[in-house]
Structures are given as structure tokens and as C-alpha cells.
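Trainee: What follows is a single structure, and I will ask about it in a moment.
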Amino acid sequence: MKTSTDQIFPPPLKTEAAAAKGGVPAILHAVDIFEFLKDRGNEPATMTEIAAALQMNPSTCFNILRTLEAAALLARDDDSKRYRLGVGLRELAAAVGGEDAVLLAARHRAAEFVSAYKLIMLLCNQAEDGSFVVVDKLRGRPDPRGTVPLGGRVPPNGAVLSKAFYAHRPEREVDEMLEVHGLPARTNSSITEIADFKAQLAEVRERGYSISLGEYELDYNAVGAAVLDPEGEPVMLMIVTGHASFMPRRLIPAIGERLRQAADDVTTSAYHLPSPVGGGPAGGGSTKAGRIHKHQSRSRRRAARDEGRSRAL
């Protein structure tokens, strides 16, 4: 028999998930939302889609989503009304791992970039097998066909990524990669000659970003820039990609310069380097651009040194 206290303060209702797992329903719902977005590769979803997939009351789902958004644990696009995992989760993960300063800085700069230019950006690291792994993906517009998903991999000779990365590696490493993986003709625009590939690496070192014009998939263009550590080593790749109608050839130089600047900003923030004084074009009077070129010079000197040692052996 219920007491008067029970009648005045009825016990909270539990969802089926709460009954099965034990715990606070609202928190369990939040965890389910995180897992739902994670399982779909952080593909943005509307409140209606989330509520239906998780069999949640729409009003409850709405309130939880807005609460998580306020805490930056979810991010909401005002135009599409869709939710995705938020930067606050990255910050929590960094506090646990203690090693994601570059990723956090890149994620923050990438979010600003895609918001301003409505493009797709991939943040990539090199895996032990030499392939490039997409560790984060930000969308300023719906995903174009064929874009690598979050957690997906691109081979070591993967066009824009390969050029952005190996432009800052010793020539012996470039030769090793080419010997193992070659330069396949994925499209009729693909670079298949070693001399042409190495010429493009030199151009990347000079201007600070790589370009792919339909080389990996026809009608899709991409620009890539490496985040360099204080020694000039590439520690992350920032890749902007999209259909040629959104990234036409005439806009590639402007996108490339902005992406190079974004990667440079990540270096400054992640490694606590002095902020630039004044501005200027790449290779001009900018302190920041000068530092990147210094990093690139270190990369070239190191590559030449390592090549000399290789020949001596």
C-alpha cells in the first residue's frame, strides 16, 4: 500500500533502457544519443530522426538535445536543424588522453573554416601501415558522393593527402612509398609519373598546400595542408574536398591559401608559438608564414641530409 509520501512524490518513471541498465533515464538517453551519432559516423541528424531511432518521446528528446547543445556536447546547424557530436566531447577526451592538443586546435579551426566557406573538411593522421585515417570530419554542406567517412582510410598514395604529407618527408621515404604503392591511374587526371609527382611535392613545399583536380575521383576536387610541429614534421593533415561545382579550379588558389593559414594557426595554437605580428602573403612579411617556410626549409635540409646518408651507405 502506497504511503502519503509516495502519493505526493511519486517515483520517477523509468524507460525500458533505464530499467534494463539501471540509472537516471535522462542520462541514459543522452548516452544513447551519443552512441547513435557515433555509430552513424557523426552524420548529422534531426531531432525527429533521433527520437524515432531511439524510440524517445519527442519532447524529452528535444529538451535533452538542447541541454547537450548548451554544454557544447552536441552541435546544431541552424540551417538544417541537424545535430552532431560537439567539440566539448573532444575536450573531455583530451582531458582523459592528455595528447590531443593538435586535434583540438585543428577541430576548432576546421569548424570556423567550414562554417565560413560551406565545404567539407577531413582531419587525417597517418596510421602505422602508412595509410591516412580520417579522425574527424566536418561538413559545411551535405556529404558529396564518395567522401571518405569518419574512421575511413585513404591509401598512402592517395592524391591530395599523399602530396600534402610527403612534401615534408625525406626523399628516401617518398621513394619507399612509391616503390611499394606506385601511382595508380584512378582517373584520367591522376598523376602516374614519378617525376611529375615529385615536381608537385616541390610545389607544395613552396606554396604550403597540395591540390587534387579530379585525381582521386573524377569531378571531385580537393586541397590539403599539413599541420607542422616546431621541427617541421607533418603531424596532421587538413583536407578540404567537394564536387567541382562547389570547388571549381578558379577558386582553388584562394581556398588553398586559407587552408594553409588555418593549418598554420593550428601549429601556433597547439605548440604555443608566438602569435604573428602584422600580416602578409605567404613568403612575404608575415611572421607566421615565415615560420612555416622555416619549417619547410628544415624539412628540405633534413631530406637532403638523409638522402646523402642513404647514398653513402
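Going through the C-alpha cells in order, the chains are called A, B, and so on, while each chain numbers its residues from 1 and the ligands are numbered from 1 in the order shown.
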Could you list, as a list of chain:residue names, every residue within 12 Å of Gly182 of chain A, counting only C-alpha atoms and ignoring same-chain residues fewer than 5 positions away?

Mentor: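 Skipping anything fewer than 5 positions along the chain leaves A:Pro155, A:Pro156, A:Asn157, A:Gly158, A:Ala159, A:Ser162, A:Val174, A:Asp175, A:Glu176, A:Met177, A:Ser190, A:Ile191, A:Thr192, A:Glu193, A:Ile194, A:Phe197.
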
Trainee: Could you list, as a short mmCIF file (atom, residue, chain, number, x, y, z; two decimals) with N, CA and C atoms, in the first residue's frame, every residue within 8 Å of Gly140 of chain A, counting only C-alpha atoms and ignoring same-chain residues fewer than 5 positions away?

Mentor:
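Contents of the output file part.cif:
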data_model
loop_
_atom_site.label_atom_id
_atom_site.label_comp_id
_atom_site.auth_asym_id
_atom_site.auth_seq_id
_atom_site.Cartn_x
_atom_site.Cartn_y
_atom_site.Cartn_z
N VAL A 114 34.70 25.56 -42.12
CA VAL A 114 33.54 25.03 -42.84
C VAL A 114 32.31 25.90 -42.63
N SER A 115 32.22 26.56 -41.49
CA SER A 115 31.10 27.46 -41.26
C SER A 115 31.16 28.65 -42.20
N TYR A 117 32.94 28.81 -45.19
CA TYR A 117 33.03 28.52 -46.62
C TYR A 117 32.11 27.39 -47.10
N LYS A 118 31.37 26.76 -46.16
CA LYS A 118 30.38 25.75 -46.52
C LYS A 118 30.98 24.62 -47.36
N LEU A 119 32.13 24.11 -46.91
CA LEU A 119 32.79 23.00 -47.58
C LEU A 119 32.91 21.82 -46.63
N ILE A 120 33.45 20.72 -47.11
CA ILE A 120 33.67 19.53 -46.30
C ILE A 120 35.14 19.50 -45.90
#

Trainee: So that I can check the secondary structure, give me every residue of segment 67-297 of chain A assigned alpha helix (DSSP H) by backbone DSSP, as a PyMOL selection string.

Mentor: chain A and resi 67-70+87-97+101-117+159-166+171-181+194-207+252-270+287-297

Trainee: Restricting the output to C-alpha atoms, write the selected residues as an mmCIF file, in the first residue's frame.

Mentor:
data_model
loop_
_atom_site.group_PDB
_atom_site.id
_atom_site.type_symbol
_atom_site.label_atom_id
_atom_site.label_comp_id
_atom_site.auth_asym_id
_atom_site.auth_seq_id
_atom_site.Cartn_x
_atom_site.Cartn_y
_atom_site.Cartn_z
ATOM 1 C CA THR A 67 20.747 20.809 -22.942
ATOM 2 C CA LEU A 68 23.621 18.908 -24.548
ATOM 3 C CA GLU A 69 23.961 21.641 -27.159
ATOM 4 C CA ALA A 70 24.233 24.307 -24.451
ATOM 5 C CA VAL A 87 33.597 19.911 -29.589
ATOM 6 C CA GLY A 88 33.007 19.555 -25.845
ATOM 7 C CA LEU A 89 33.379 15.798 -26.222
ATOM 8 C CA ARG A 90 36.794 16.306 -27.782
ATOM 9 C CA GLU A 91 37.843 18.424 -24.840
ATOM 10 C CA LEU A 92 36.712 15.738 -22.413
ATOM 11 C CA ALA A 93 38.567 13.094 -24.427
ATOM 12 C CA ALA A 94 41.703 15.233 -24.399
ATOM 13 C CA ALA A 95 41.496 15.560 -20.609
ATOM 14 C CA VAL A 96 41.486 11.765 -20.400
ATOM 15 C CA GLY A 97 44.115 11.126 -23.069
ATOM 16 C CA ALA A 101 46.260 19.386 -28.376
ATOM 17 C CA VAL A 102 46.766 19.309 -32.156
ATOM 18 C CA LEU A 103 43.402 17.636 -32.797
ATOM 19 C CA LEU A 104 41.564 20.073 -30.545
ATOM 20 C CA ALA A 105 43.178 23.075 -32.227
ATOM 21 C CA ALA A 106 42.524 21.611 -35.677
ATOM 22 C CA ARG A 107 38.906 20.806 -34.803
ATOM 23 C CA HIS A 108 38.296 24.365 -33.622
ATOM 24 C CA ARG A 109 39.914 25.933 -36.697
ATOM 25 C CA ALA A 110 38.160 23.487 -39.038
ATOM 26 C CA ALA A 111 34.767 24.337 -37.537
ATOM 27 C CA GLU A 112 35.355 28.012 -38.287
ATOM 28 C CA PHE A 113 36.519 27.172 -41.804
ATOM 29 C CA VAL A 114 33.543 25.028 -42.836
ATOM 30 C CA SER A 115 31.102 27.463 -41.260
ATOM 31 C CA ALA A 116 32.545 30.316 -43.298
ATOM 32 C CA TYR A 117 33.033 28.518 -46.625
ATOM 33 C CA ALA A 159 46.420 12.068 -54.248
ATOM 34 C CA VAL A 160 45.915 15.240 -52.175
ATOM 35 C CA LEU A 161 46.815 13.598 -48.830
ATOM 36 C CA SER A 162 49.935 11.945 -50.177
ATOM 37 C CA LYS A 163 51.236 15.199 -51.642
ATOM 38 C CA ALA A 164 50.438 17.235 -48.515
ATOM 39 C CA PHE A 165 52.236 14.708 -46.299
ATOM 40 C CA TYR A 166 55.245 13.584 -48.348
ATOM 41 C CA GLU A 171 63.062 11.757 -50.341
ATOM 42 C CA ARG A 172 64.015 8.222 -49.317
ATOM 43 C CA GLU A 173 60.583 7.875 -47.636
ATOM 44 C CA VAL A 174 58.916 9.195 -50.767
ATOM 45 C CA ASP A 175 60.806 6.627 -52.868
ATOM 46 C CA GLU A 176 59.883 3.820 -50.467
ATOM 47 C CA MET A 177 56.200 4.743 -50.612
ATOM 48 C CA LEU A 178 56.262 4.914 -54.405
ATOM 49 C CA GLU A 179 58.093 1.611 -54.711
ATOM 50 C CA VAL A 180 55.508 -0.176 -52.550
ATOM 51 C CA HIS A 181 52.307 1.540 -53.663
ATOM 52 C CA ILE A 194 57.189 9.708 -60.518
ATOM 53 C CA ALA A 195 58.903 12.813 -61.897
ATOM 54 C CA ASP A 196 55.569 14.648 -62.097
ATOM 55 C CA PHE A 197 54.654 13.571 -58.564
ATOM 56 C CA LYS A 198 57.963 14.807 -57.140
ATOM 57 C CA ALA A 199 57.584 18.089 -59.037
ATOM 58 C CA GLN A 200 54.245 18.566 -57.323
ATOM 59 C CA LEU A 201 55.829 17.873 -53.927
ATOM 60 C CA ALA A 202 58.225 20.747 -54.612
ATOM 61 C CA GLU A 203 55.266 22.999 -55.444
ATOM 62 C CA VAL A 204 53.538 22.012 -52.188
ATOM 63 C CA ARG A 205 56.634 22.958 -50.189
ATOM 64 C CA GLU A 206 56.725 26.300 -51.945
ATOM 65 C CA ARG A 207 53.086 27.363 -51.613
ATOM 66 C CA ILE A 252 41.373 26.517 -55.635
ATOM 67 C CA PRO A 253 44.201 29.051 -55.006
ATOM 68 C CA ALA A 254 42.044 31.112 -52.633
ATOM 69 C CA ILE A 255 40.837 28.002 -50.789
ATOM 70 C CA GLY A 256 44.408 26.740 -50.608
ATOM 71 C CA GLU A 257 45.748 29.948 -49.097
ATOM 72 C CA ARG A 258 43.009 29.995 -46.462
ATOM 73 C CA LEU A 259 43.604 26.339 -45.660
ATOM 74 C CA ARG A 260 47.361 26.881 -45.361
ATOM 75 C CA GLN A 261 46.635 29.725 -42.963
ATOM 76 C CA ALA A 262 44.267 27.506 -40.966
ATOM 77 C CA ALA A 263 46.928 24.784 -40.654
ATOM 78 C CA ASP A 264 49.434 27.442 -39.620
ATOM 79 C CA ASP A 265 47.023 28.675 -36.939
ATOM 80 C CA VAL A 266 46.779 25.127 -35.580
ATOM 81 C CA THR A 267 50.572 24.957 -35.287
ATOM 82 C CA THR A 268 50.640 28.272 -33.428
ATOM 83 C CA SER A 269 47.870 27.258 -31.023
ATOM 84 C CA ALA A 270 48.812 23.615 -30.384
ATOM 85 C CA THR A 287 55.947 36.162 -39.136
ATOM 86 C CA LYS A 288 53.672 33.132 -39.238
ATOM 87 C CA ALA A 289 54.285 32.460 -42.926
ATOM 88 C CA GLY A 290 57.993 32.926 -42.354
ATOM 89 C CA ARG A 291 57.942 30.335 -39.585
ATOM 90 C CA ILE A 292 56.193 27.819 -41.812
ATOM 91 C CA HIS A 293 58.709 28.408 -44.570
ATOM 92 C CA LYS A 294 61.425 27.894 -41.968
ATOM 93 C CA HIS A 295 59.799 24.584 -41.079
ATOM 94 C CA GLN A 296 59.741 23.678 -44.734
ATOM 95 C CA SER A 297 63.408 24.610 -45.086
#

Trainee: How many Å separate atom CA of Gly224 of chain A from atom CA of Leu237 of chain A?

Mentor: 6.7 Å

Trainee: Neighbouring residues of Ala45 of chain A were defined as those with any atom within 8 Å, considering only C-alpha atoms; residues of the same chain fewer than 2 positions away were excluded. Please report them as a list of chain:residue names.

Mentor: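 Answer for this query is A:Leu37, A:Glu43, A:Met47, A:Glu49, A:Ile50, A:Arg82, A:Tyr83, A:Arg84.
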
Trainee: Which residue, A:Pro44, A:Asp100, A:Glu128, A:Leu54, has the smallest gap to Asp78 of chain A when you use only C-alpha atoms?

Mentor: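 Residue with the minimum atom-to-atom distance to Asp78 of chain A: A:Pro44.
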
Trainee: Write out as a ChimeraX atom specification which residues come within 10 Å of Thr241 of chain A when counting only C-alpha atoms, dropping same-chain ones fewer than 4 positions away.

Mentor: /A:119-122,143-144,147,160,211-212,220-224,246-247

Trainee: So which bits of segment 97-297 of chain A end up strand (DSSP E) when you DSSP the backbone, as a ChimeraX atom specification?

Mentor: /A:120-126,132-139,153-154,210-213,220-228,234-243
